[in-house]
$ cat input39.txt   # compact mmCIF, C-alpha atoms
# COMPACT_ATOMS: atom_id res chain seq x y z
CA MET A 25 -136.52 106.69 176.71
CA ALA A 26 -138.23 105.26 179.80
CA ARG A 27 -141.60 105.69 178.10
CA ARG A 28 -140.30 103.91 174.99
CA VAL A 29 -139.08 100.99 177.07
CA MET A 30 -142.41 100.90 178.93
CA LEU A 31 -144.36 100.92 175.66
CA ALA A 32 -142.13 98.17 174.25
CA LEU A 33 -142.62 96.11 177.39
CA CYS A 34 -146.39 96.63 177.19
CA ALA A 35 -146.38 95.66 173.53
CA ALA A 36 -144.36 92.56 174.21
CA ALA A 37 -146.68 91.67 177.06
CA VAL A 38 -149.42 91.59 174.46
CA LEU A 39 -147.75 89.21 172.07
CA VAL A 40 -145.02 87.29 173.84
CA PRO A 41 -147.06 85.71 176.65
CA ALA A 42 -149.95 85.14 174.29
CA VAL A 43 -148.95 81.55 173.97
CA ALA A 44 -146.34 80.94 176.64
CA GLY A 45 -146.44 77.39 177.79
CA CYS A 46 -147.78 76.06 174.52
CA GLU A 47 -144.68 73.98 173.89
CA GLY A 48 -143.92 70.71 175.56
CA ALA A 49 -146.04 67.72 176.29
CA THR A 50 -149.70 67.29 175.60
CA GLU A 51 -151.49 65.13 178.14
CA GLY A 52 -150.54 61.55 177.41
CA THR A 53 -147.94 62.54 174.82
CA PRO A 54 -144.24 62.87 175.59
CA ALA A 55 -142.57 66.19 174.88
CA THR A 56 -140.40 66.20 171.78
CA SER A 57 -137.73 68.55 170.60
CA THR A 58 -138.28 70.14 167.21
CA SER A 59 -135.32 72.51 167.32
CA ALA A 60 -133.47 70.67 164.54
CA ALA A 61 -136.52 70.80 162.28
CA GLN A 62 -137.45 74.41 163.09
CA VAL A 63 -136.95 77.03 160.44
CA ALA A 64 -135.17 80.17 161.57
CA LEU A 65 -137.53 83.06 162.18
CA TRP A 66 -137.47 86.04 159.86
CA ASN A 67 -135.51 88.75 161.68
CA PRO A 68 -136.85 92.30 161.26
CA CYS A 69 -133.60 93.83 162.60
CA THR A 70 -131.58 92.35 159.76
CA GLU A 71 -134.20 92.16 157.01
CA ILE A 72 -135.77 95.64 157.00
CA PRO A 73 -133.61 98.09 155.02
CA ASP A 74 -132.76 101.46 156.55
CA GLY A 75 -134.29 103.31 153.60
CA LEU A 76 -137.61 101.60 154.19
CA LEU A 77 -137.51 102.50 157.88
CA ARG A 78 -136.90 106.15 156.98
CA GLN A 79 -139.80 105.99 154.49
CA ILE A 80 -142.07 104.74 157.29
CA GLY A 81 -140.92 107.60 159.53
CA VAL A 82 -138.54 106.04 162.04
CA ASP A 83 -134.80 106.44 162.55
CA PRO A 84 -132.76 103.28 161.78
CA ALA A 85 -130.11 104.42 164.32
CA THR A 86 -132.64 103.95 167.14
CA GLU A 87 -132.93 100.20 166.51
CA GLU A 88 -133.56 98.07 169.57
CA SER A 89 -133.67 94.30 169.40
CA GLY A 90 -135.86 92.27 171.76
CA VAL A 91 -137.87 93.79 174.59
CA GLY A 92 -135.89 96.45 176.39
CA GLY A 93 -132.85 94.98 174.64
CA VAL A 94 -133.55 91.45 175.92
CA HIS A 95 -134.10 88.62 173.41
CA GLN A 96 -137.38 86.72 173.82
CA SER A 97 -137.23 83.00 173.12
CA GLY A 98 -139.33 82.04 170.11
CA TRP A 99 -139.48 85.62 168.86
CA GLU A 100 -137.52 88.06 166.74
CA ILE A 101 -138.51 91.57 167.81
CA CYS A 102 -137.13 94.86 166.58
CA GLY A 103 -138.21 98.43 167.27
CA TRP A 104 -137.37 101.90 166.06
CA LYS A 105 -138.25 105.41 167.20
CA GLY A 106 -139.71 108.19 165.11
CA SER A 107 -140.57 111.74 166.14
CA ARG A 108 -144.28 110.97 166.60
CA PHE A 109 -144.46 107.20 167.04
CA TYR A 110 -142.53 104.00 167.65
CA LEU A 111 -142.55 101.03 165.29
CA THR A 112 -142.07 97.49 166.56
CA VAL A 113 -142.06 94.46 164.26
CA PHE A 114 -142.58 91.01 165.75
CA SER A 115 -141.77 87.70 164.06
CA THR A 116 -142.86 84.45 165.70
CA LYS A 117 -143.82 80.85 165.15
CA ARG A 118 -147.08 81.63 166.96
CA THR A 119 -150.26 81.94 164.91
CA VAL A 120 -152.69 84.77 164.28
CA GLN A 121 -155.33 82.66 166.01
CA GLU A 122 -153.20 82.51 169.16
CA VAL A 123 -152.95 86.31 169.12
CA GLN A 124 -156.73 86.56 168.73
CA ASP A 125 -157.28 84.11 171.59
CA LYS A 126 -155.12 86.14 174.00
CA PRO A 127 -157.23 87.80 176.71
CA GLY A 128 -156.86 91.57 176.56
CA ASN A 129 -156.55 91.75 172.78
CA VAL A 130 -159.70 93.49 171.52
CA GLU A 131 -161.36 95.28 168.61
CA PHE A 132 -160.32 92.80 165.93
CA GLN A 133 -160.90 93.83 162.34
CA ASP A 134 -159.96 91.95 159.21
CA VAL A 135 -157.87 94.18 156.97
CA ASP A 136 -156.29 93.98 153.55
CA VAL A 137 -152.92 95.70 153.47
CA ALA A 138 -151.10 95.91 150.14
CA GLY A 139 -152.92 92.78 148.98
CA ARG A 140 -152.16 90.76 152.12
CA ARG A 141 -154.88 89.74 154.53
CA GLY A 142 -154.29 90.59 158.17
CA VAL A 143 -156.02 91.35 161.43
CA GLN A 144 -155.91 94.74 163.13
CA TYR A 145 -156.42 94.89 166.90
CA ARG A 146 -155.78 96.86 170.05
CA VAL A 147 -154.87 95.95 173.59
CA GLU A 148 -157.14 96.81 176.50
CA GLY A 149 -155.82 99.28 179.03
CA ALA A 150 -154.64 102.81 179.48
CA SER A 151 -152.56 102.82 176.30
CA LYS A 152 -155.38 101.43 174.14
CA LYS A 153 -155.75 104.64 172.12
CA LEU A 154 -151.96 105.02 171.76
CA THR A 155 -151.28 101.66 170.13
CA CYS A 156 -152.48 99.48 167.30
CA ASP A 157 -151.26 96.17 165.88
CA VAL A 158 -151.68 94.56 162.48
CA VAL A 159 -150.79 90.87 162.41
CA PHE A 160 -150.32 88.67 159.35
CA GLU A 161 -150.11 84.92 158.91
CA ALA A 162 -146.86 83.55 157.55
CA GLN A 163 -145.56 80.07 156.91
CA GLN A 164 -143.35 80.43 160.00
CA GLY A 165 -146.35 81.55 162.13
CA ALA A 166 -147.09 85.28 162.28
CA LEU A 167 -145.62 88.73 161.67
CA SER A 168 -146.92 91.77 163.49
CA VAL A 169 -146.54 95.52 163.06
CA LEU A 170 -147.13 97.60 166.20
CA ILE A 171 -147.39 101.35 166.24
CA SER A 172 -147.16 103.13 169.59
CA ASN A 173 -147.83 106.85 169.49
CA ASN A 174 -145.49 109.08 171.44
CA PRO A 175 -147.56 109.80 174.59
CA VAL A 176 -146.36 113.42 174.75
CA ASP A 177 -147.44 114.25 171.19
CA ASP A 178 -150.17 116.90 171.36
CA ARG A 179 -151.83 115.79 168.12
CA PRO A 180 -151.28 112.06 167.71
CA GLU A 181 -152.47 110.40 164.53
CA ASP A 182 -154.74 107.36 164.76
CA PRO A 183 -152.23 104.56 165.47
CA CYS A 184 -154.24 102.09 163.37
CA ALA A 185 -153.93 104.33 160.31
CA VAL A 186 -150.18 104.60 160.91
CA ALA A 187 -149.91 100.83 161.50
CA LYS A 188 -151.64 100.08 158.20
CA ARG A 189 -149.37 102.53 156.34
CA ALA A 190 -146.27 101.00 157.92
CA ALA A 191 -147.54 97.48 157.21
CA ALA A 192 -148.22 98.43 153.57
CA ALA A 193 -144.56 99.43 153.23
CA LEU A 194 -143.34 96.28 155.01
CA THR A 195 -145.53 93.53 153.57
CA PRO A 196 -143.62 93.31 150.26
CA ILE A 197 -140.52 92.18 152.20
CA PHE A 198 -142.36 89.96 154.70
CA PRO A 199 -141.99 86.23 154.10
CA GLN A 200 -145.09 84.40 152.99

$ encode --input "input39.txt" --output "structure tokens"
Amino acid sequence: MARRVMLALCAAAVLVPAVAGCEGATEGTPATSTSAAQVALWNPCTEIPDGLLRQIGVDPATEESGVGGVHQSGWEICGWKGSRFYLTVFSTKRTVQEVQDKPGNVEFQDVDVAGRRGVQYRVEGASKKLTCDVVFEAQQGALSVLISNNPVDDRPEDPCAVAKRAAAALTPIFPQ
């Protein structure tokens, strides 16, 4: 469990701070509140059916909202555990470009998953070969699928292959 929390924290460190501090005032422009005009983010915890999670290979009963159970402002994050990997789905108002601009995100590749264009990438560091993300643009901002291999698995599958398979199952229910 500690490893799962650590992987979730590492994954969130990739996406969540990617654009921290982007709200507020621009030089010479007063800060404005857009909370009334904001559309609610798509929530993977409530929108992904249990049957689909089982099809992907994770246990719906292991659901964890947020990062280590803590909600992140401006994000809807939900993760589930499988026997060989962990699935985390991120929903945010941030853009794919902001994810690409984040230092530490590397190895970008354009991908087509179930007819939807996305970007596959990894995060630099010790867990680079254990994780892979596929991020998609959406009207609300972006949706991301992260696969984190179980670090004690003796024969882990390529996490990018698993991420693309999971994303292919999820994209039909993702908002445009």

$ closest_residue --input "input39.txt" --among "A:Gly142, A:Pro196, A:Gly165, A:Gly92" --to "Leu65 (chain A)" --atoms "only C-alpha atoms"
A:Gly165

$ closest_residue --input "input39.txt" --among "A:Ile80, A:Gly128, A:Gly103, A:Gln96" --to "Ala150 (chain A)" --atoms "only C-alpha atoms"
A:Gly128

$ closest_residue --input "input39.txt" --among "A:Gly106, A:Pro175, A:Gly139, A:Gly81" --to "Thr155 (chain A)" --atoms "all atoms listed in the file"
A:Pro175

$ residues_around --input "input39.txt" --residues "Thr119 (chain A)" --least-positions-apart "3" --cutoff "8 Å" --atoms "only C-alpha atoms" --output "count of residues only"
6

$ residues_near_point --input "input39.txt" --point "(-153.3, 87.1, 163.4)" --cutoff "6 Å" --atoms "only C-alpha atoms" --output "list in words"
Val120, Gln121, Val123, Val143, Val159, Phe160 and Glu161 of chain A

$ closest_residue --input "input39.txt" --among "A:Thr86, A:Asn129, A:Gln144, A:Gln200" --to "Leu170 (chain A)" --atoms "all atoms listed in the file"
A:Gln144

$ decode --input "input39.txt" --residues "region 64-86 of chain A" --atoms "N, CA, C and O atoms" --output "PDB file, in the first residue's frame"
ATOM      1  N   ALA A  64     -18.238  22.096 -14.174  1.00  0.00           N
ATOM      2  CA  ALA A  64     -17.732  21.057 -13.282  1.00  0.00           C
ATOM      3  C   ALA A  64     -16.875  20.084 -14.075  1.00  0.00           C
ATOM      4  O   ALA A  64     -17.192  19.734 -15.208  1.00  0.00           O
ATOM      5  N   LEU A  65     -15.794  19.662 -13.474  1.00  0.00           N
ATOM      6  CA  LEU A  65     -14.908  18.693 -14.115  1.00  0.00           C
ATOM      7  C   LEU A  65     -15.565  17.316 -14.150  1.00  0.00           C
ATOM      8  O   LEU A  65     -16.299  16.935 -13.232  1.00  0.00           O
ATOM      9  N   TRP A  66     -15.259  16.584 -15.192  1.00  0.00           N
ATOM     10  CA  TRP A  66     -15.691  15.195 -15.308  1.00  0.00           C
ATOM     11  C   TRP A  66     -14.999  14.414 -14.188  1.00  0.00           C
ATOM     12  O   TRP A  66     -13.787  14.563 -13.975  1.00  0.00           O
ATOM     13  N   ASN A  67     -15.739  13.622 -13.447  1.00  0.00           N
ATOM     14  CA  ASN A  67     -15.189  12.915 -12.297  1.00  0.00           C
ATOM     15  C   ASN A  67     -15.030  11.422 -12.599  1.00  0.00           C
ATOM     16  O   ASN A  67     -16.027  10.699 -12.705  1.00  0.00           O
ATOM     17  N   PRO A  68     -13.788  10.944 -12.716  1.00  0.00           N
ATOM     18  CA  PRO A  68     -13.588   9.533 -13.047  1.00  0.00           C
ATOM     19  C   PRO A  68     -14.107   8.582 -11.971  1.00  0.00           C
ATOM     20  O   PRO A  68     -14.517   7.467 -12.285  1.00  0.00           O
ATOM     21  N   CYS A  69     -14.131   9.007 -10.710  1.00  0.00           N
ATOM     22  CA  CYS A  69     -14.626   8.125  -9.645  1.00  0.00           C
ATOM     23  C   CYS A  69     -16.107   7.818  -9.798  1.00  0.00           C
ATOM     24  O   CYS A  69     -16.550   6.720  -9.455  1.00  0.00           O
ATOM     25  N   THR A  70     -16.867   8.773 -10.303  1.00  0.00           N
ATOM     26  CA  THR A  70     -18.303   8.562 -10.433  1.00  0.00           C
ATOM     27  C   THR A  70     -18.729   8.182 -11.849  1.00  0.00           C
ATOM     28  O   THR A  70     -19.825   7.651 -12.032  1.00  0.00           O
ATOM     29  N   GLU A  71     -17.892   8.444 -12.834  1.00  0.00           N
ATOM     30  CA  GLU A  71     -18.289   8.242 -14.230  1.00  0.00           C
ATOM     31  C   GLU A  71     -17.787   6.947 -14.868  1.00  0.00           C
ATOM     32  O   GLU A  71     -18.285   6.545 -15.906  1.00  0.00           O
ATOM     33  N   ILE A  72     -16.785   6.306 -14.275  1.00  0.00           N
ATOM     34  CA  ILE A  72     -16.265   5.062 -14.866  1.00  0.00           C
ATOM     35  C   ILE A  72     -16.970   3.880 -14.209  1.00  0.00           C
ATOM     36  O   ILE A  72     -16.848   3.671 -12.999  1.00  0.00           O
ATOM     37  N   PRO A  73     -17.714   3.103 -14.994  1.00  0.00           N
ATOM     38  CA  PRO A  73     -18.457   1.966 -14.432  1.00  0.00           C
ATOM     39  C   PRO A  73     -17.522   0.857 -13.923  1.00  0.00           C
ATOM     40  O   PRO A  73     -16.438   0.622 -14.481  1.00  0.00           O
ATOM     41  N   ASP A  74     -17.975   0.169 -12.884  1.00  0.00           N
ATOM     42  CA  ASP A  74     -17.192  -0.924 -12.303  1.00  0.00           C
ATOM     43  C   ASP A  74     -16.858  -2.002 -13.328  1.00  0.00           C
ATOM     44  O   ASP A  74     -15.738  -2.533 -13.330  1.00  0.00           O
ATOM     45  N   GLY A  75     -17.798  -2.332 -14.197  1.00  0.00           N
ATOM     46  CA  GLY A  75     -17.550  -3.361 -15.208  1.00  0.00           C
ATOM     47  C   GLY A  75     -16.410  -2.980 -16.141  1.00  0.00           C
ATOM     48  O   GLY A  75     -15.606  -3.830 -16.533  1.00  0.00           O
ATOM     49  N   LEU A  76     -16.325  -1.709 -16.473  1.00  0.00           N
ATOM     50  CA  LEU A  76     -15.242  -1.235 -17.335  1.00  0.00           C
ATOM     51  C   LEU A  76     -13.901  -1.315 -16.603  1.00  0.00           C
ATOM     52  O   LEU A  76     -12.884  -1.687 -17.193  1.00  0.00           O
ATOM     53  N   LEU A  77     -13.901  -0.982 -15.325  1.00  0.00           N
ATOM     54  CA  LEU A  77     -12.668  -1.088 -14.537  1.00  0.00           C
ATOM     55  C   LEU A  77     -12.184  -2.536 -14.480  1.00  0.00           C
ATOM     56  O   LEU A  77     -10.989  -2.809 -14.645  1.00  0.00           O
ATOM     57  N   ARG A  78     -13.122  -3.467 -14.274  1.00  0.00           N
ATOM     58  CA  ARG A  78     -12.743  -4.889 -14.264  1.00  0.00           C
ATOM     59  C   ARG A  78     -12.193  -5.326 -15.626  1.00  0.00           C
ATOM     60  O   ARG A  78     -11.241  -6.081 -15.708  1.00  0.00           O
ATOM     61  N   GLN A  79     -12.817  -4.824 -16.697  1.00  0.00           N
ATOM     62  CA  GLN A  79     -12.352  -5.142 -18.057  1.00  0.00           C
ATOM     63  C   GLN A  79     -10.908  -4.666 -18.246  1.00  0.00           C
ATOM     64  O   GLN A  79     -10.102  -5.346 -18.879  1.00  0.00           O
ATOM     65  N   ILE A  80     -10.590  -3.513 -17.710  1.00  0.00           N
ATOM     66  CA  ILE A  80      -9.231  -2.957 -17.826  1.00  0.00           C
ATOM     67  C   ILE A  80      -8.243  -3.768 -16.997  1.00  0.00           C
ATOM     68  O   ILE A  80      -7.079  -3.888 -17.351  1.00  0.00           O
ATOM     69  N   GLY A  81      -8.714  -4.361 -15.895  1.00  0.00           N
ATOM     70  CA  GLY A  81      -7.840  -5.187 -15.067  1.00  0.00           C
ATOM     71  C   GLY A  81      -7.575  -4.637 -13.681  1.00  0.00           C
ATOM     72  O   GLY A  81      -6.578  -5.004 -13.051  1.00  0.00           O
ATOM     73  N   VAL A  82      -8.459  -3.756 -13.207  1.00  0.00           N
ATOM     74  CA  VAL A  82      -8.309  -3.230 -11.846  1.00  0.00           C
ATOM     75  C   VAL A  82      -9.569  -3.537 -11.048  1.00  0.00           C
ATOM     76  O   VAL A  82     -10.635  -3.789 -11.610  1.00  0.00           O
ATOM     77  N   ASP A  83      -9.446  -3.506  -9.739  1.00  0.00           N
ATOM     78  CA  ASP A  83     -10.533  -3.831  -8.825  1.00  0.00           C
ATOM     79  C   ASP A  83     -11.271  -2.558  -8.402  1.00  0.00           C
ATOM     80  O   ASP A  83     -10.673  -1.693  -7.749  1.00  0.00           O
ATOM     81  N   PRO A  84     -12.552  -2.423  -8.749  1.00  0.00           N
ATOM     82  CA  PRO A  84     -13.304  -1.222  -8.372  1.00  0.00           C
ATOM     83  C   PRO A  84     -13.319  -0.960  -6.863  1.00  0.00           C
ATOM     84  O   PRO A  84     -13.401   0.186  -6.432  1.00  0.00           O
ATOM     85  N   ALA A  85     -13.207  -2.017  -6.053  1.00  0.00           N
ATOM     86  CA  ALA A  85     -13.238  -1.864  -4.592  1.00  0.00           C
ATOM     87  C   ALA A  85     -11.997  -1.157  -4.045  1.00  0.00           C
ATOM     88  O   ALA A  85     -11.995  -0.716  -2.899  1.00  0.00           O
ATOM     89  N   THR A  86     -10.961  -1.041  -4.868  1.00  0.00           N
ATOM     90  CA  THR A  86      -9.718  -0.392  -4.414  1.00  0.00           C
ATOM     91  C   THR A  86      -9.697   1.100  -4.729  1.00  0.00           C
ATOM     92  O   THR A  86      -8.661   1.748  -4.572  1.00  0.00           O
TER      93      THR A  86
END
